[in-house]
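Raw contents of query.csv, CSV, C-alpha atoms:
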chain,number,residue,atom,x,y,z
A,645,VAL,CA,64.8,-33.8,-25.5
A,646,GLY,CA,61.4,-35.4,-26.4
A,647,GLY,CA,60.2,-32.4,-28.5
A,648,VAL,CA,61.0,-29.7,-31.1
A,649,ASN,CA,60.6,-26.6,-28.9
A,650,ASN,CA,56.8,-26.8,-29.1
A,651,ALA,CA,56.2,-27.2,-25.3
A,652,ASP,CA,56.3,-31.0,-25.2
A,653,GLY,CA,60.0,-31.6,-24.3
A,654,TYR,CA,62.6,-30.7,-21.7
A,655,TYR,CA,66.3,-29.6,-21.6
A,656,TYR,CA,69.2,-29.2,-19.1
A,657,ASP,CA,70.8,-26.0,-17.9
A,658,TYR,CA,72.3,-24.5,-14.9
A,659,ASN,CA,70.1,-23.1,-12.1
A,660,GLU,CA,70.7,-20.0,-10.0
A,661,LEU,CA,73.0,-22.0,-7.7
A,662,GLY,CA,75.2,-23.2,-10.6
A,663,GLU,CA,73.8,-26.7,-10.4
A,664,PHE,CA,72.8,-28.7,-13.5
A,665,ASP,CA,69.0,-29.0,-13.6
A,666,VAL,CA,66.2,-30.1,-15.9
A,667,TYR,CA,63.6,-27.7,-17.3
A,668,SER,CA,60.3,-28.1,-19.0
A,669,ILE,CA,60.1,-26.2,-22.3
A,670,GLU,CA,56.4,-25.5,-21.5
A,671,ARG,CA,57.3,-23.8,-18.2
A,672,LYS,CA,60.7,-22.2,-19.3
A,673,PRO,CA,60.9,-22.0,-23.1
A,674,LEU,CA,64.2,-22.1,-24.8
A,675,ASN,CA,65.3,-18.7,-25.9
A,676,ILE,CA,67.5,-18.9,-29.0
A,677,THR,CA,69.1,-15.5,-29.6
A,678,MET,CA,71.6,-16.5,-32.3
A,679,THR,CA,71.1,-15.0,-35.7
A,680,GLY,CA,71.2,-17.3,-38.8
A,681,SER,CA,69.4,-20.5,-39.6
A,682,GLY,CA,72.1,-23.1,-38.9
A,683,THR,CA,72.7,-24.0,-42.6
A,684,SER,CA,76.0,-24.1,-44.4
A,685,ASP,CA,75.1,-20.9,-46.3
A,686,ASN,CA,73.6,-19.2,-43.2
A,687,PRO,CA,75.2,-20.6,-40.0
A,688,TYR,CA,74.1,-19.6,-36.5
A,689,ILE,CA,76.3,-16.8,-35.3
A,690,ILE,CA,77.7,-17.0,-31.8
A,691,ASN,CA,78.4,-13.7,-30.0
A,692,SER,CA,78.4,-14.6,-26.3
A,693,TYR,CA,78.7,-17.3,-23.7
A,694,GLU,CA,74.9,-17.7,-23.6
A,695,GLU,CA,74.8,-18.3,-27.4
A,696,LEU,CA,77.7,-20.7,-27.1
A,697,LYS,CA,75.5,-22.7,-24.8
A,698,GLN,CA,72.7,-22.6,-27.3
A,699,ALA,CA,74.9,-24.5,-29.8
A,700,SER,CA,74.1,-27.6,-27.8
A,701,TYR,CA,70.4,-27.5,-28.5
A,702,ASN,CA,71.0,-29.0,-32.0
A,703,GLN,CA,74.5,-30.4,-32.5
A,704,SER,CA,74.0,-31.3,-36.2
A,705,LEU,CA,73.8,-27.7,-37.5
A,706,ASN,CA,76.3,-25.1,-38.6
A,707,TYR,CA,77.8,-22.6,-36.1
A,708,LYS,CA,80.2,-19.7,-36.5
A,709,LEU,CA,82.0,-17.6,-33.9
A,710,ASN,CA,81.8,-13.8,-34.3
A,711,THR,CA,84.0,-12.8,-31.4
A,712,ASN,CA,86.4,-14.0,-28.7
A,713,ILE,CA,84.6,-15.6,-25.8
A,714,ASP,CA,86.1,-15.5,-22.3
A,715,LEU,CA,84.6,-18.2,-20.0
A,716,THR,CA,86.2,-16.9,-16.8
A,717,GLY,CA,83.6,-17.4,-14.0
A,718,GLU,CA,81.1,-19.1,-16.3
A,719,ASN,CA,79.6,-22.6,-15.9
A,720,PRO,CA,81.5,-25.2,-18.0
A,721,ILE,CA,80.3,-26.3,-21.4
A,722,ILE,CA,80.9,-29.5,-23.3
A,723,LEU,CA,79.4,-29.9,-26.8
A,724,GLY,CA,78.8,-33.6,-27.8
A,725,ASN,CA,79.0,-36.8,-25.8
A,726,TYR,CA,78.9,-40.5,-26.4
A,727,GLU,CA,75.2,-40.7,-26.6
A,728,LYS,CA,74.8,-37.5,-28.8
A,729,PRO,CA,78.1,-36.6,-30.6
A,730,PHE,CA,78.6,-33.2,-32.2
A,731,THR,CA,78.0,-33.9,-35.9
A,732,GLY,CA,77.6,-30.3,-37.2
A,733,VAL,CA,80.1,-27.7,-38.3
A,734,PHE,CA,81.8,-25.3,-35.8
A,735,ASP,CA,83.7,-22.5,-37.5
A,736,GLY,CA,85.9,-20.6,-35.1
A,737,ASN,CA,86.4,-18.0,-37.8
A,738,GLY,CA,89.9,-17.2,-36.3
A,739,TYR,CA,88.5,-16.3,-32.9
A,740,GLU,CA,89.3,-17.7,-29.4
A,741,ILE,CA,87.5,-19.5,-26.6
A,742,SER,CA,89.5,-19.1,-23.4
A,743,ASN,CA,89.6,-19.8,-19.6
A,744,LEU,CA,87.5,-23.0,-19.3
A,745,THR,CA,87.9,-25.7,-16.7
A,746,LEU,CA,86.3,-29.1,-17.3
A,747,ILE,CA,86.1,-32.0,-14.9
A,748,GLY,CA,84.4,-35.2,-16.0
A,749,VAL,CA,84.8,-38.9,-16.4
A,750,ASN,CA,84.9,-40.0,-20.1
A,751,TYR,CA,84.8,-37.9,-23.3
A,752,VAL,CA,86.0,-34.7,-21.7
A,753,GLY,CA,86.9,-31.7,-23.8
A,754,LEU,CA,85.3,-28.6,-25.3
A,755,PHE,CA,83.8,-31.1,-27.7
A,756,GLY,CA,83.4,-34.3,-25.7
A,757,TYR,CA,82.8,-36.5,-28.8
A,758,ASN,CA,83.2,-35.0,-32.2
A,759,LYS,CA,81.9,-36.6,-35.4
A,760,GLY,CA,81.5,-33.3,-37.2
A,761,THR,CA,83.8,-30.5,-38.4
A,762,ILE,CA,85.8,-28.1,-36.2
A,763,LYS,CA,87.9,-25.5,-38.0
A,764,GLY,CA,89.6,-22.1,-37.6
A,765,LEU,CA,89.4,-22.2,-33.8
A,766,LYS,CA,91.8,-21.1,-31.1
A,767,ILE,CA,91.3,-22.3,-27.5
A,768,ASN,CA,93.4,-20.9,-24.8
A,769,ASN,CA,93.9,-21.8,-21.1
A,770,ILE,CA,91.6,-24.8,-21.3
A,771,ASN,CA,92.1,-27.2,-18.4
A,772,VAL,CA,90.5,-30.6,-18.6
A,773,THR,CA,90.5,-33.5,-16.1
A,774,GLY,CA,88.8,-36.9,-16.6
A,775,TYR,CA,89.3,-40.7,-16.7
A,776,GLU,CA,89.4,-41.8,-20.3
A,777,TYR,CA,89.2,-39.9,-23.7
A,778,VAL,CA,90.4,-36.5,-22.4
A,779,GLY,CA,91.6,-33.6,-24.6
A,780,LEU,CA,91.4,-29.9,-24.7
A,781,LEU,CA,89.6,-29.6,-28.0
A,782,THR,CA,87.9,-33.0,-28.0
A,783,GLY,CA,88.0,-36.1,-25.9
A,784,TYR,CA,87.2,-38.4,-28.8
A,785,ASN,CA,87.5,-37.4,-32.4
A,786,ALA,CA,85.9,-39.3,-35.3
A,787,GLY,CA,85.4,-36.2,-37.4
A,788,ASN,CA,87.5,-33.4,-39.1
A,789,VAL,CA,89.6,-30.9,-37.2
A,790,SER,CA,91.6,-28.3,-39.1
A,791,SER,CA,93.4,-25.0,-38.4
A,792,VAL,CA,93.1,-25.3,-34.7
A,793,LYS,CA,95.4,-23.9,-32.0
A,794,ALA,CA,95.1,-25.3,-28.5
A,795,ASN,CA,96.7,-24.3,-25.2
A,796,GLY,CA,96.1,-25.7,-21.7
A,797,ASN,CA,96.5,-28.8,-19.6
A,798,ALA,CA,95.0,-32.3,-19.9
A,799,ASN,CA,94.9,-34.8,-17.0
A,800,GLY,CA,93.4,-38.3,-16.8
A,801,TYR,CA,93.9,-42.1,-16.6
A,802,SER,CA,94.1,-43.3,-20.3
A,803,GLN,CA,93.9,-41.9,-23.8
A,804,ILE,CA,94.9,-38.3,-23.0
A,805,GLY,CA,96.2,-35.6,-25.3
A,806,LEU,CA,96.2,-31.8,-25.8
A,807,VAL,CA,94.2,-31.9,-29.0
A,808,ALA,CA,92.3,-35.2,-28.6
A,809,GLY,CA,92.4,-38.1,-26.2
A,810,ARG,CA,91.6,-40.5,-29.1
A,811,ASN,CA,91.5,-40.0,-32.8
A,812,ASN,CA,89.3,-42.7,-34.3
A,813,GLY,CA,89.4,-42.5,-38.1
A,814,GLY,CA,89.2,-38.7,-38.1
A,815,THR,CA,91.6,-36.1,-39.4
A,816,ILE,CA,93.4,-33.5,-37.2
A,817,GLU,CA,95.5,-30.5,-38.2
A,818,ALA,CA,96.5,-28.6,-35.1
A,819,LEU,CA,99.1,-26.7,-33.1
A,820,ALA,CA,99.3,-27.3,-29.3
A,821,SER,CA,101.1,-26.2,-26.2
A,822,GLY,CA,100.7,-27.3,-22.6
A,823,ASN,CA,101.1,-30.2,-20.2
A,824,VAL,CA,99.7,-33.7,-20.4
A,825,VAL,CA,99.5,-36.1,-17.5
A,826,GLY,CA,98.2,-39.6,-17.6
A,827,THR,CA,98.3,-42.0,-14.7
A,828,TYR,CA,98.2,-45.1,-16.9
A,829,ARG,CA,98.7,-45.4,-20.7
A,830,PHE,CA,98.2,-43.8,-24.2
A,831,VAL,CA,99.4,-40.3,-23.3
A,832,GLY,CA,100.6,-38.0,-26.0
A,833,GLY,CA,101.4,-34.3,-26.5
A,834,LEU,CA,98.9,-34.0,-29.4
A,835,VAL,CA,96.9,-37.2,-29.3
A,836,GLY,CA,96.8,-40.1,-26.8
A,837,TYR,CA,95.7,-42.9,-29.1
A,838,LEU,CA,95.7,-42.8,-33.0
A,839,ASN,CA,93.4,-45.4,-34.5
A,840,GLY,CA,93.1,-44.7,-38.2
A,841,GLY,CA,92.7,-41.3,-39.8
A,842,SER,CA,95.5,-38.8,-39.9
A,843,LEU,CA,97.3,-36.3,-37.7
A,844,THR,CA,99.2,-33.2,-38.8
A,845,GLY,CA,100.5,-31.1,-36.0
A,846,ALA,CA,103.1,-29.3,-34.0
A,847,TYR,CA,103.7,-29.5,-30.2
A,848,VAL,CA,105.6,-26.3,-29.4
A,849,SER,CA,105.9,-26.2,-25.6
A,850,GLY,CA,105.0,-28.2,-22.4
A,851,SER,CA,105.6,-31.7,-21.0
A,852,VAL,CA,104.2,-35.2,-21.1
A,853,THR,CA,103.9,-37.6,-18.2
A,854,GLY,CA,102.6,-41.2,-18.4
A,855,ALA,CA,103.1,-44.7,-17.1
A,856,SER,CA,103.1,-46.6,-20.4
A,857,ASN,CA,102.5,-45.9,-24.1
A,858,TYR,CA,103.5,-42.3,-23.9
A,859,SER,CA,105.4,-40.0,-26.3
A,860,TYR,CA,105.9,-36.4,-27.5
A,861,LYS,CA,103.1,-36.3,-30.0
A,862,ILE,CA,101.2,-39.6,-30.0
A,863,GLY,CA,101.0,-42.0,-27.1
A,864,TYR,CA,100.2,-45.0,-29.2
A,865,ILE,CA,99.6,-45.6,-32.9
A,866,LEU,CA,97.4,-48.5,-33.8
A,867,SER,CA,96.9,-47.4,-37.4
A,868,GLY,CA,96.6,-44.2,-39.4
A,869,SER,CA,99.2,-41.7,-40.5
A,870,SER,CA,101.0,-38.8,-38.9
A,871,LYS,CA,103.3,-35.9,-39.7
A,872,THR,CA,104.3,-34.0,-36.6
A,873,VAL,CA,107.1,-31.7,-35.2
A,874,ALA,CA,107.9,-30.6,-31.7
A,875,LEU,CA,110.2,-28.4,-29.7
A,876,ASP,CA,113.4,-30.4,-28.9
A,877,THR,CA,113.5,-29.5,-25.2
A,878,ILE,CA,110.0,-30.8,-24.4
A,879,LYS,CA,110.4,-33.4,-21.7
A,880,VAL,CA,108.6,-36.8,-21.6
A,881,ASN,CA,108.7,-38.3,-18.1
A,882,GLY,CA,111.4,-35.9,-17.3
A,883,THR,CA,113.7,-36.6,-20.3
A,884,ALA,CA,114.0,-34.7,-23.6
A,885,THR,CA,114.3,-36.9,-26.6
A,886,THR,CA,115.2,-35.7,-30.1
A,887,SER,CA,114.0,-37.3,-33.3
A,888,THR,CA,114.6,-36.8,-37.1
A,889,TYR,CA,111.4,-38.6,-38.2
A,890,LEU,CA,108.1,-36.9,-39.1
A,891,ASN,CA,106.0,-40.0,-39.1
A,892,ASN,CA,106.6,-41.8,-35.8
A,893,SER,CA,105.0,-41.2,-32.4
A,894,THR,CA,107.8,-38.8,-31.5
A,895,GLY,CA,107.8,-36.8,-34.6
A,896,LYS,CA,110.7,-34.5,-35.8
A,897,THR,CA,112.2,-32.2,-33.2
A,898,TYR,CA,113.3,-28.6,-33.8
A,899,SER,CA,114.9,-25.9,-31.8
A,900,ALA,CA,113.0,-22.9,-30.5
A,901,SER,CA,114.5,-20.6,-33.1
A,902,ASP,CA,113.6,-23.0,-36.0
A,903,LEU,CA,110.0,-23.2,-34.8
A,904,LEU,CA,109.9,-19.4,-35.3
A,905,THR,CA,110.2,-19.9,-39.0
A,906,ASN,CA,107.7,-21.4,-41.4
A,907,PHE,CA,109.7,-24.3,-42.5
A,908,PRO,CA,108.9,-26.9,-39.8
A,909,TYR,CA,105.2,-26.3,-40.2
A,910,GLU,CA,105.3,-26.4,-44.0
A,911,GLU,CA,107.2,-29.7,-43.7
A,912,VAL,CA,104.3,-31.4,-42.1
A,913,GLY,CA,101.8,-29.8,-44.5
A,914,PHE,CA,100.5,-26.5,-42.9
A,915,ASN,CA,99.4,-24.0,-45.6
A,916,PHE,CA,100.5,-20.4,-45.0
A,917,THR,CA,98.9,-19.1,-48.3
A,918,ILE,CA,95.8,-16.9,-47.7
A,919,THR,CA,93.1,-18.2,-49.9
A,920,ASP,CA,90.0,-16.8,-48.2
A,921,PRO,CA,90.1,-13.3,-46.8
Mind converting the file's structure to structure tokens?
Amino acid sequence: VGGVNNADGYYYDYNELGEFDVYSIERKPLNITMTGSGTSDNPYIINSYEELKQASYNQSLNYKLNTNIDLTGENPIILGNYEKPFTGVFDGNGYEISNLTLIGVNYVGLFGYNKGTIKGLKINNINVTGYEYVGLLTGYNAGNVSSVKANGNANGYSQIGLVAGRNNGGTIEALASGNVVGTYRFVGGLVGYLNGGSLTGAYVSGSVTGASNYSYKIGYILSGSSKTVALDTIKVNGTATTSTYLNNSTGKTYSASDLLTNFPYEEVGFNFTITDP
């Protein structure tokens, strides 16, 4: 903040006690260890927790995972917030980020506020708790999400979902499992509030609990389009509800054995053809 890593700015990081602190670049220079240059042709390569943290130093560049990252025992990370959304490209490259617990207020998720592109990423055992705009992958999505698999638990007050708390004109293609609890409204298995854009997804296990505007896949649809499927035994406020429609907030329900075949996913638009080795 206030500089370009030339000793005239500052940044935030965790200190030795695990507390969030502010550091002068002059006194404690940023040490960027990622290889690459952050361009589309030569993205920054992330190989560790420390390098995942470094992705926050410029959230408009291109990043690519090169390994699975287990965050057990590490300090939490959120990329992007309301003041400075993530606007770059994060390519999970088929790898997994796992075992992360996030507690915040608004815009809580691995990507708190996304206006960029997130693709090819698996997140596992991600547990998020906040007030509004809460999701495992992103609290608030206004960008593009594709080929994402998310597992964990999301808890909050309003606009809560496993993939995104709110989708605002963005596109989402994702598979999710886990539990969603909202103490007020707009609570959905995949997305809490859909305002424009599109959602393609599958909710394969878990439960949804809310006070109003809650459903299997989408808590509330203001506008936009959706094609979703779900396991037919998933309970919403304690009751399992079946549906034959792909395009409503409940989506089409399938048995566990059917969800082990390709057909339900192909029906909503997932592509199982390998086009890029």
Please identify all polymer residues within 10 Å of Phe914 (chain A), counting all atoms listed in the file, omitting same-chain residues fewer than 5 positions from it, and present them as a short mmCIF file (atom, residue, chain, number, x, y, z; two decimals) with C-alpha atoms, in the frame of the given file.
data_model
loop_
_atom_site.label_atom_id
_atom_site.label_comp_id
_atom_site.auth_asym_id
_atom_site.auth_seq_id
_atom_site.Cartn_x
_atom_site.Cartn_y
_atom_site.Cartn_z
CA SER A 790 91.60 -28.30 -39.10
CA SER A 791 93.40 -25.00 -38.40
CA GLU A 817 95.50 -30.50 -38.20
CA ALA A 818 96.50 -28.60 -35.10
CA LEU A 819 99.10 -26.70 -33.10
CA THR A 844 99.20 -33.20 -38.80
CA GLY A 845 100.50 -31.10 -36.00
CA ALA A 846 103.10 -29.30 -34.00
CA ASN A 906 107.70 -21.40 -41.40
CA PHE A 907 109.70 -24.30 -42.50
CA PRO A 908 108.90 -26.90 -39.80
CA TYR A 909 105.20 -26.30 -40.20
#
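For the pair CA of Gly662 (chain A) and CA of Tyr693 (chain A), the separation is 14.8 Å.
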Could you pull the residues within 8 Å of Glu740 (chain A), counting all atoms listed in the file, minus those fewer than 5 positions along the same chain, as a list in words?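 Final neighbour list, sorted by chain and number: Thr711, Asn712, Ile713, Leu765, Lys766, Ile767 and Asn768 of chain A.
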Can you list every residue of region 879-908 of chain A that has an atom at most 12 Å from region 848-854 of chain A, with its nearest atom pair and the distance in Å to one decimal, using all atoms listed in the file, ordered by chain then number, as JSON lines?
{"residue": "A:Lys879", "atom": "CA", "partner": "A:Ser851", "partner_atom": "CA", "distance": 5.1}
{"residue": "A:Val880", "atom": "CA", "partner": "A:Val852", "partner_atom": "CA", "distance": 4.7}
{"residue": "A:Asn881", "atom": "CA", "partner": "A:Thr853", "partner_atom": "CA", "distance": 4.9}
{"residue": "A:Gly882", "atom": "CA", "partner": "A:Thr853", "partner_atom": "CA", "distance": 7.7}
{"residue": "A:Thr883", "atom": "CA", "partner": "A:Ser851", "partner_atom": "CA", "distance": 9.5}
{"residue": "A:Ala884", "atom": "CA", "partner": "A:Ser851", "partner_atom": "CA", "distance": 9.3}
{"residue": "A:Thr885", "atom": "CA", "partner": "A:Ser851", "partner_atom": "CA", "distance": 11.6}
{"residue": "A:Thr894", "atom": "CA", "partner": "A:Val852", "partner_atom": "CA", "distance": 11.6}
{"residue": "A:Gly895", "atom": "CA", "partner": "A:Val848", "partner_atom": "CA", "distance": 11.9}
{"residue": "A:Lys896", "atom": "CA", "partner": "A:Val848", "partner_atom": "CA", "distance": 11.6}
{"residue": "A:Thr897", "atom": "CA", "partner": "A:Val848", "partner_atom": "CA", "distance": 9.6}
{"residue": "A:Tyr898", "atom": "CA", "partner": "A:Val848", "partner_atom": "CA", "distance": 9.2}
{"residue": "A:Ser899", "atom": "CA", "partner": "A:Val848", "partner_atom": "CA", "distance": 9.6}
{"residue": "A:Ala900", "atom": "CA", "partner": "A:Val848", "partner_atom": "CA", "distance": 8.2}
{"residue": "A:Ser901", "atom": "CA", "partner": "A:Val848", "partner_atom": "CA", "distance": 11.2}
{"residue": "A:Asp902", "atom": "CA", "partner": "A:Val848", "partner_atom": "CA", "distance": 10.9}
{"residue": "A:Leu903", "atom": "CA", "partner": "A:Val848", "partner_atom": "CA", "distance": 7.6}
{"residue": "A:Leu904", "atom": "CA", "partner": "A:Val848", "partner_atom": "CA", "distance": 10.0}
{"residue": "A:Pro908", "atom": "CA", "partner": "A:Val848", "partner_atom": "CA", "distance": 10.9}
Keeping C-alpha atoms for every residue in the selection just given, could you write it to a file as a PDB file, in the frame of the given file?
ATOM      1  CA  LYS A 879     110.400 -33.400 -21.700  1.00  0.00           C
ATOM      2  CA  VAL A 880     108.600 -36.800 -21.600  1.00  0.00           C
ATOM      3  CA  ASN A 881     108.700 -38.300 -18.100  1.00  0.00           C
ATOM      4  CA  GLY A 882     111.400 -35.900 -17.300  1.00  0.00           C
ATOM      5  CA  THR A 883     113.700 -36.600 -20.300  1.00  0.00           C
ATOM      6  CA  ALA A 884     114.000 -34.700 -23.600  1.00  0.00           C
ATOM      7  CA  THR A 885     114.300 -36.900 -26.600  1.00  0.00           C
ATOM      8  CA  THR A 894     107.800 -38.800 -31.500  1.00  0.00           C
ATOM      9  CA  GLY A 895     107.800 -36.800 -34.600  1.00  0.00           C
ATOM     10  CA  LYS A 896     110.700 -34.500 -35.800  1.00  0.00           C
ATOM     11  CA  THR A 897     112.200 -32.200 -33.200  1.00  0.00           C
ATOM     12  CA  TYR A 898     113.300 -28.600 -33.800  1.00  0.00           C
ATOM     13  CA  SER A 899     114.900 -25.900 -31.800  1.00  0.00           C
ATOM     14  CA  ALA A 900     113.000 -22.900 -30.500  1.00  0.00           C
ATOM     15  CA  SER A 901     114.500 -20.600 -33.100  1.00  0.00           C
ATOM     16  CA  ASP A 902     113.600 -23.000 -36.000  1.00  0.00           C
ATOM     17  CA  LEU A 903     110.000 -23.200 -34.800  1.00  0.00           C
ATOM     18  CA  LEU A 904     109.900 -19.400 -35.300  1.00  0.00           C
ATOM     19  CA  PRO A 908     108.900 -26.900 -39.800  1.00  0.00           C
TER      20      PRO A 908
END
From the set A:Ser821, A:Ser742, A:Thr731, A:Asn769, which residue has the shortest atom-to-atom contact distance to Ala786 (chain A), counting all atoms listed in the file?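 Once distances to Ala786 (chain A) are computed over all atoms listed in the file, the minimum belongs to A:Thr731.
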Write out as a PyMOL selection string the residues lying within 10 Å of Asn710 (chain A), counting only C-alpha atoms and excluding same-chain residues fewer than 6 positions away. chain A and resi 688-692+735-740
Min atom-atom distance to Ile741 (chain A) from the set A:Lys793, A:Lys871, A:Lys861, A:Arg671, counting only C-alpha atoms, belongs to A:Lys793
Take CA of Tyr847 (chain A) and CA of Ile770 (chain A) and report the distance between them in Å, one decimal.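 We find that CA of Tyr847 (chain A) and CA of Ile770 (chain A) lie 15.7 Å from each other.
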Which of these, A:Val778, A:Leu723, A:Val873, A:Val792, has the shortest distance to Thr886 (chain A) once you count all atoms listed in the file?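 Comparing A:Val778, A:Leu723, A:Val873, A:Val792 against Thr886 (chain A), the winner is A:Val873.
Residue nearest Leu661 (chain A) within the list A:Asn719, A:Gly787, A:Ala798, A:Leu744: A:Asn719 [criterion: smallest interatomic distance, all atoms listed in the file].
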Neighbouring residues of Tyr726 (chain A) were defined as those with any atom within 10 Å, considering all atoms listed in the file; residues of the same chain fewer than 2 positions away were excluded. Please report them as an MDAnalysis selection string. chainID A and resid 724 728:730 750:751 756:758 784
Could you give me, as a PyMOL selection string, the residues that sit within 10 Å of (71.6, -26.0, -25.8) in the file's coordinates, counting all atoms listed in the file? chain A and resi 655-657+674-676+694-703+721+723
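Interatomic distance, CA of Ser870 (chain A) against CA of Ile762 (chain A): 18.8 Å.
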